[in-house]
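Novice: My structure is in structure26.pdb, and what it holds is PDB, C-alpha atoms, pLDDT in the B column:
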ATOM      1  CA  MET D 554     -45.703 -42.260  -8.047  1.00 93.00           C
ATOM      2  CA  LEU D 555     -49.333 -41.107  -8.202  1.00 95.00           C
ATOM      3  CA  THR D 556     -49.906 -42.538  -4.748  1.00 95.00           C
ATOM      4  CA  VAL D 557     -46.949 -40.620  -3.335  1.00 95.00           C
ATOM      5  CA  ALA D 558     -48.071 -37.444  -5.126  1.00 97.00           C
ATOM      6  CA  PHE D 559     -51.576 -37.837  -3.717  1.00 97.00           C
ATOM      7  CA  HIS D 560     -50.196 -38.415  -0.226  1.00 97.00           C
ATOM      8  CA  PHE D 561     -48.082 -35.276  -0.581  1.00 97.00           C
ATOM      9  CA  PHE D 562     -51.195 -33.365  -1.679  1.00 98.00           C
ATOM     10  CA  LEU D 563     -53.012 -34.569   1.452  1.00 98.00           C
ATOM     11  CA  ALA D 564     -50.077 -33.423   3.598  1.00 97.00           C
ATOM     12  CA  THR D 565     -50.452 -29.930   2.130  1.00 98.00           C
ATOM     13  CA  ARG D 566     -54.173 -30.019   2.955  1.00 98.00           C
ATOM     14  CA  VAL D 567     -53.348 -30.816   6.593  1.00 97.00           C
ATOM     15  CA  ALA D 568     -50.844 -27.959   6.722  1.00 96.00           C
ATOM     16  CA  ALA D 569     -53.419 -25.567   5.253  1.00 97.00           C
ATOM     17  CA  ALA D 570     -56.112 -26.864   7.619  1.00 97.00           C
ATOM     18  CA  HIS D 571     -53.915 -26.057  10.626  1.00 96.00           C
ATOM     19  CA  GLY D 572     -54.093 -22.405   9.644  1.00 95.00           C
ATOM     20  CA  LYS D 573     -57.658 -22.379   8.335  1.00 96.00           C
ATOM     21  CA  PHE D 574     -59.117 -23.916  11.488  1.00 96.00           C
ATOM     22  CA  ASN D 575     -56.613 -22.285  13.878  1.00 96.00           C
ATOM     23  CA  VAL D 576     -55.245 -25.577  15.184  1.00 96.00           C
ATOM     24  CA  LYS D 577     -51.788 -24.778  16.547  1.00 95.00           C
ATOM     25  CA  LEU D 578     -48.939 -27.206  15.957  1.00 93.00           C
ATOM     26  CA  PRO D 579     -48.426 -29.888  17.212  1.00 93.00           C
ATOM     27  CA  THR D 580     -52.114 -30.220  18.122  1.00 93.00           C
ATOM     28  CA  THR D 581     -54.196 -32.586  15.979  1.00 93.00           C
ATOM     29  CA  THR D 582     -57.467 -32.477  17.926  1.00 93.00           C
ATOM     30  CA  GLY D 583     -60.037 -29.963  19.043  1.00 92.00           C
ATOM     31  CA  ASN D 584     -61.643 -28.950  15.754  1.00 96.00           C
ATOM     32  CA  ALA D 585     -63.816 -31.494  13.924  1.00 96.00           C
ATOM     33  CA  ASP D 586     -63.236 -29.915  10.511  1.00 96.00           C
ATOM     34  CA  PHE D 587     -59.468 -30.108  10.971  1.00 97.00           C
ATOM     35  CA  GLU D 588     -59.652 -33.621  12.395  1.00 97.00           C
ATOM     36  CA  ARG D 589     -61.453 -34.931   9.285  1.00 97.00           C
ATOM     37  CA  VAL D 590     -58.715 -33.533   7.008  1.00 97.00           C
ATOM     38  CA  PHE D 591     -56.054 -34.986   9.302  1.00 97.00           C
ATOM     39  CA  ARG D 592     -57.762 -38.410   9.401  1.00 97.00           C
ATOM     40  CA  VAL D 593     -57.924 -38.606   5.603  1.00 97.00           C
ATOM     41  CA  HIS D 594     -54.182 -38.054   5.489  1.00 98.00           C
ATOM     42  CA  MET D 595     -53.443 -40.568   8.235  1.00 98.00           C
ATOM     43  CA  ASN D 596     -55.909 -43.153   6.905  1.00 97.00           C
ATOM     44  CA  THR D 597     -54.300 -42.938   3.477  1.00 97.00           C
ATOM     45  CA  LEU D 598     -50.896 -43.495   5.061  1.00 97.00           C
ATOM     46  CA  GLU D 599     -52.292 -46.451   7.029  1.00 97.00           C
ATOM     47  CA  TRP D 600     -53.668 -48.037   3.829  1.00 97.00           C
ATOM     48  CA  MET D 601     -50.573 -47.480   1.664  1.00 97.00           C
ATOM     49  CA  PRO D 602     -48.734 -50.707   2.672  1.00 96.00           C
ATOM     50  CA  THR D 603     -51.967 -52.694   2.267  1.00 96.00           C
ATOM     51  CA  PHE D 604     -52.284 -51.219  -1.222  1.00 98.00           C
ATOM     52  CA  LEU D 605     -48.693 -51.015  -2.462  1.00 98.00           C
ATOM     53  CA  LEU D 606     -47.522 -54.548  -1.674  1.00 98.00           C
ATOM     54  CA  PRO D 607     -50.425 -56.309  -3.463  1.00 98.00           C
ATOM     55  CA  LEU D 608     -50.134 -53.763  -6.305  1.00 98.00           C
ATOM     56  CA  TRP D 609     -46.496 -54.633  -6.881  1.00 98.00           C
ATOM     57  CA  LEU D 610     -46.988 -58.388  -6.468  1.00 98.00           C
ATOM     58  CA  CYS D 611     -50.015 -58.427  -8.781  1.00 98.00           C
ATOM     59  CA  ALA D 612     -48.044 -56.445 -11.380  1.00 98.00           C
ATOM     60  CA  ILE D 613     -45.003 -58.732 -11.133  1.00 98.00           C
ATOM     61  CA  TYR D 614     -46.724 -62.117 -10.979  1.00 97.00           C
ATOM     62  CA  LEU D 615     -50.040 -61.686 -12.791  1.00 98.00           C
ATOM     63  CA  ASN D 616     -50.618 -58.649 -15.000  1.00 98.00           C
ATOM     64  CA  ASP D 617     -49.036 -55.224 -14.811  1.00 97.00           C
ATOM     65  CA  ILE D 618     -51.768 -53.478 -16.838  1.00 98.00           C
ATOM     66  CA  ALA D 619     -54.555 -54.876 -14.637  1.00 98.00           C
ATOM     67  CA  ALA D 620     -52.595 -53.916 -11.518  1.00 98.00           C
ATOM     68  CA  ALA D 621     -52.078 -50.384 -12.859  1.00 98.00           C
ATOM     69  CA  MET D 622     -55.780 -50.031 -13.644  1.00 98.00           C
ATOM     70  CA  LEU D 623     -56.713 -51.193 -10.138  1.00 98.00           C
ATOM     71  CA  GLY D 624     -54.115 -48.782  -8.790  1.00 98.00           C
ATOM     72  CA  LEU D 625     -55.891 -45.935 -10.549  1.00 98.00           C
ATOM     73  CA  VAL D 626     -59.207 -47.139  -9.132  1.00 98.00           C
ATOM     74  CA  TRP D 627     -57.637 -47.128  -5.648  1.00 98.00           C
ATOM     75  CA  ILE D 628     -56.433 -43.542  -6.086  1.00 98.00           C
ATOM     76  CA  GLY D 629     -59.865 -42.541  -7.412  1.00 98.00           C
ATOM     77  CA  GLY D 630     -61.445 -44.136  -4.351  1.00 98.00           C
ATOM     78  CA  ARG D 631     -59.072 -42.240  -2.069  1.00 98.00           C
ATOM     79  CA  VAL D 632     -59.928 -38.967  -3.827  1.00 98.00           C
ATOM     80  CA  LEU D 633     -63.632 -39.696  -3.354  1.00 98.00           C
ATOM     81  CA  TYR D 634     -62.919 -40.627   0.280  1.00 98.00           C
ATOM     82  CA  PHE D 635     -61.146 -37.281   0.759  1.00 98.00           C
ATOM     83  CA  THR D 636     -63.838 -35.164  -0.886  1.00 98.00           C
ATOM     84  CA  GLY D 637     -66.569 -36.933   1.080  1.00 98.00           C
ATOM     85  CA  TYR D 638     -64.849 -37.060   4.459  1.00 98.00           C
ATOM     86  CA  ILE D 639     -63.966 -33.368   4.564  1.00 96.00           C
ATOM     87  CA  LYS D 640     -67.711 -32.640   4.235  1.00 96.00           C
ATOM     88  CA  ALA D 641     -69.018 -35.207   6.742  1.00 96.00           C
ATOM     89  CA  VAL D 642     -67.850 -38.451   8.325  1.00 96.00           C
ATOM     90  CA  GLU D 643     -70.624 -40.519   6.731  1.00 96.00           C
ATOM     91  CA  LYS D 644     -69.748 -39.261   3.240  1.00 97.00           C
ATOM     92  CA  ARG D 645     -66.410 -41.093   3.320  1.00 97.00           C
ATOM     93  CA  LEU D 646     -67.996 -44.528   2.801  1.00 98.00           C
ATOM     94  CA  PRO D 647     -68.368 -44.673  -1.024  1.00 98.00           C
ATOM     95  CA  GLY D 648     -64.690 -43.827  -1.484  1.00 98.00           C
ATOM     96  CA  PHE D 649     -63.698 -46.247   1.266  1.00 98.00           C
ATOM     97  CA  PHE D 650     -65.663 -49.042  -0.414  1.00 98.00           C
ATOM     98  CA  ILE D 651     -64.030 -48.370  -3.796  1.00 98.00           C
ATOM     99  CA  GLN D 652     -60.478 -48.280  -2.454  1.00 98.00           C
ATOM    100  CA  SER D 653     -60.914 -51.320  -0.220  1.00 98.00           C
ATOM    101  CA  THR D 654     -62.423 -53.306  -3.100  1.00 98.00           C
ATOM    102  CA  ALA D 655     -59.457 -52.355  -5.301  1.00 98.00           C
ATOM    103  CA  CYS D 656     -57.115 -53.544  -2.531  1.00 98.00           C
ATOM    104  CA  ALA D 657     -58.989 -56.836  -2.190  1.00 98.00           C
ATOM    105  CA  LEU D 658     -58.819 -57.441  -5.947  1.00 98.00           C
ATOM    106  CA  LEU D 659     -55.108 -56.639  -5.988  1.00 98.00           C
ATOM    107  CA  PHE D 660     -54.574 -59.047  -3.094  1.00 98.00           C
ATOM    108  CA  VAL D 661     -56.448 -61.818  -4.918  1.00 98.00           C
ATOM    109  CA  GLY D 662     -54.520 -61.040  -8.109  1.00 98.00           C
ATOM    110  CA  ALA D 663     -51.225 -61.190  -6.239  1.00 98.00           C
ATOM    111  CA  VAL D 664     -52.090 -64.534  -4.632  1.00 98.00           C
ATOM    112  CA  VAL D 665     -53.288 -66.022  -7.935  1.00 98.00           C
ATOM    113  CA  GLY D 666     -50.178 -64.740  -9.708  1.00 97.00           C
ATOM    114  CA  ILE D 667     -47.836 -66.131  -7.062  1.00 97.00           C
ATOM    115  CA  VAL D 668     -49.604 -69.524  -7.095  1.00 97.00           C
ATOM    116  CA  LEU D 669     -49.535 -69.676 -10.902  1.00 96.00           C
ATOM    117  CA  HIS D 670     -45.881 -68.690 -10.933  1.00 94.00           C
ATOM    118  CA  GLY D 671     -45.057 -71.279  -8.290  1.00 91.00           C
ATOM    119  CA  THR D 672     -46.860 -74.107 -10.092  1.00 92.00           C
ATOM    120  CA  SER D 673     -45.523 -73.322 -13.571  1.00 81.00           C
ATOM    121  CA  GLY D 674     -42.228 -74.812 -12.661  1.00 63.00           C
TER     122      GLY D 674
END
Translate the structure of the given file into structure tokens.
Specialist:
Amino acid sequence: MLTVAFHFFLATRVAAAHGKFNVKLPTTTGNADFERVFRVHMNTLEWMPTFLLPLWLCAIYLNDIAAAMLGLVWIGGRVLYFTGYIKAVEKRLPGFFIQSTACALLFVGAVVGIVLHGTSG
């Protein structure tokens, strides 16, 4: 639910940025400041399946508390990504690294959990 709430928050930032930077609908290009806000929103949407599926599988097959903690780390990384990217493209990288690491750990946890579940009979 936090992921959906954060995505909704980003959608409101895009709507506000349309007005702030005078980017008329349906345009999504032409102003670099607007485009960075828009890309954060779209990039988060692009990463959500890569995050949510391993999150759920890790929680079901390995450990729900660990999965939830990594989920919070992912959201924290996305927040850092957002706050950095709206300032400058290069400032997105720390948040990107945090969220992608959380995704990788969730993926590994999901695979380990599925293997353990499959071999436990």
Novice: Applied to the shown file, which residues does the PyMOL selection byres ((chain D and resi 606) around 12) return, written as a tab-separated table (two decimals) with C-alpha atoms, in the frame of the given file?
Specialist:
chain	number	residue	atom	x	y	z
D	600	TRP	CA	-53.67	-48.04	3.83
D	601	MET	CA	-50.57	-47.48	1.66
D	602	PRO	CA	-48.73	-50.71	2.67
D	603	THR	CA	-51.97	-52.69	2.27
D	604	PHE	CA	-52.28	-51.22	-1.22
D	605	LEU	CA	-48.69	-51.02	-2.46
D	607	PRO	CA	-50.42	-56.31	-3.46
D	608	LEU	CA	-50.13	-53.76	-6.30
D	609	TRP	CA	-46.50	-54.63	-6.88
D	610	LEU	CA	-46.99	-58.39	-6.47
D	611	CYS	CA	-50.02	-58.43	-8.78
D	612	ALA	CA	-48.04	-56.44	-11.38
D	613	ILE	CA	-45.00	-58.73	-11.13
D	620	ALA	CA	-52.60	-53.92	-11.52
D	624	GLY	CA	-54.12	-48.78	-8.79
D	656	CYS	CA	-57.12	-53.54	-2.53
D	657	ALA	CA	-58.99	-56.84	-2.19
D	659	LEU	CA	-55.11	-56.64	-5.99
D	660	PHE	CA	-54.57	-59.05	-3.09
D	661	VAL	CA	-56.45	-61.82	-4.92
D	662	GLY	CA	-54.52	-61.04	-8.11
D	663	ALA	CA	-51.22	-61.19	-6.24
D	664	VAL	CA	-52.09	-64.53	-4.63
Novice: So how far away is CA of Val567 (chain D) from CA of Ala585 (chain D), in Å?
Specialist: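 According to the coordinates, CA of Ala585 (chain D) and CA of Val567 (chain D) are separated by 12.8 Å.
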Novice: Please give the centre and size of the box around region 636-654 of chain D (axis-aligned, containing every atom listed in the file, 6 Å added per side), with values in Å to one decimal and written as AutoDock Vina command-line options.
Specialist:
--center_x -65.6 --center_y -43.0 --center_z 2.3 --size_x 22.1 --size_y 32.7 --size_z 24.1
Novice: Could you please determine the separation between CA of Ala564 (chain D) and CA of Ile628 (chain D) in Å, to one decimal place?
Specialist: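 Computed distance, CA of Ala564 (chain D) to CA of Ile628 (chain D), equals 15.4 Å.
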Novice: Taking 6 positions as the minimum chain separation for residues in the same chain, which residues sit within 10 Å of Thr654 (chain D) when counting all atoms listed in the file? Answer as a PyMOL selection string.
Specialist: chain D and resi 623+626-627+630+648+660
Novice: The selected residues should be written to file as a PDB file, in the coordinates of the input (atoms: C-alpha atoms).
Specialist:
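For reference, out_33.pdb as written:
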ATOM      1  CA  LEU D 623     -56.713 -51.193 -10.138  1.00 98.00           C
ATOM      2  CA  VAL D 626     -59.207 -47.139  -9.132  1.00 98.00           C
ATOM      3  CA  TRP D 627     -57.637 -47.128  -5.648  1.00 98.00           C
ATOM      4  CA  GLY D 630     -61.445 -44.136  -4.351  1.00 98.00           C
ATOM      5  CA  GLY D 648     -64.690 -43.827  -1.484  1.00 98.00           C
ATOM      6  CA  PHE D 660     -54.574 -59.047  -3.094  1.00 98.00           C
TER       7      PHE D 660
END
Novice: Measuring between only C-alpha atoms, which one of D:Val576, D:Leu646, D:Leu658, D:Ala570 shows the shortest distance to Val632 (chain D)?
Specialist: D:Leu646
Novice: What is the distance, in Å and to one decimal place, between CA of His560 (chain D) and CA of Gly583 (chain D)?
Specialist: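 Calculated distance between CA of His560 (chain D) and CA of Gly583 (chain D) is 23.2 Å.
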Novice: Using only C-alpha atoms, give me every residue within 9 Å of (-59.3, -28.6, 8.2) in file coordinates, as a ChimeraX atom specification.
Specialist: /D:566-576,584-591,639
Novice: Nearest to Gln652 (chain D): which of D:Ile667, D:Leu615, D:Leu598, D:Leu625 is it, counting only C-alpha atoms?
Specialist: D:Leu625
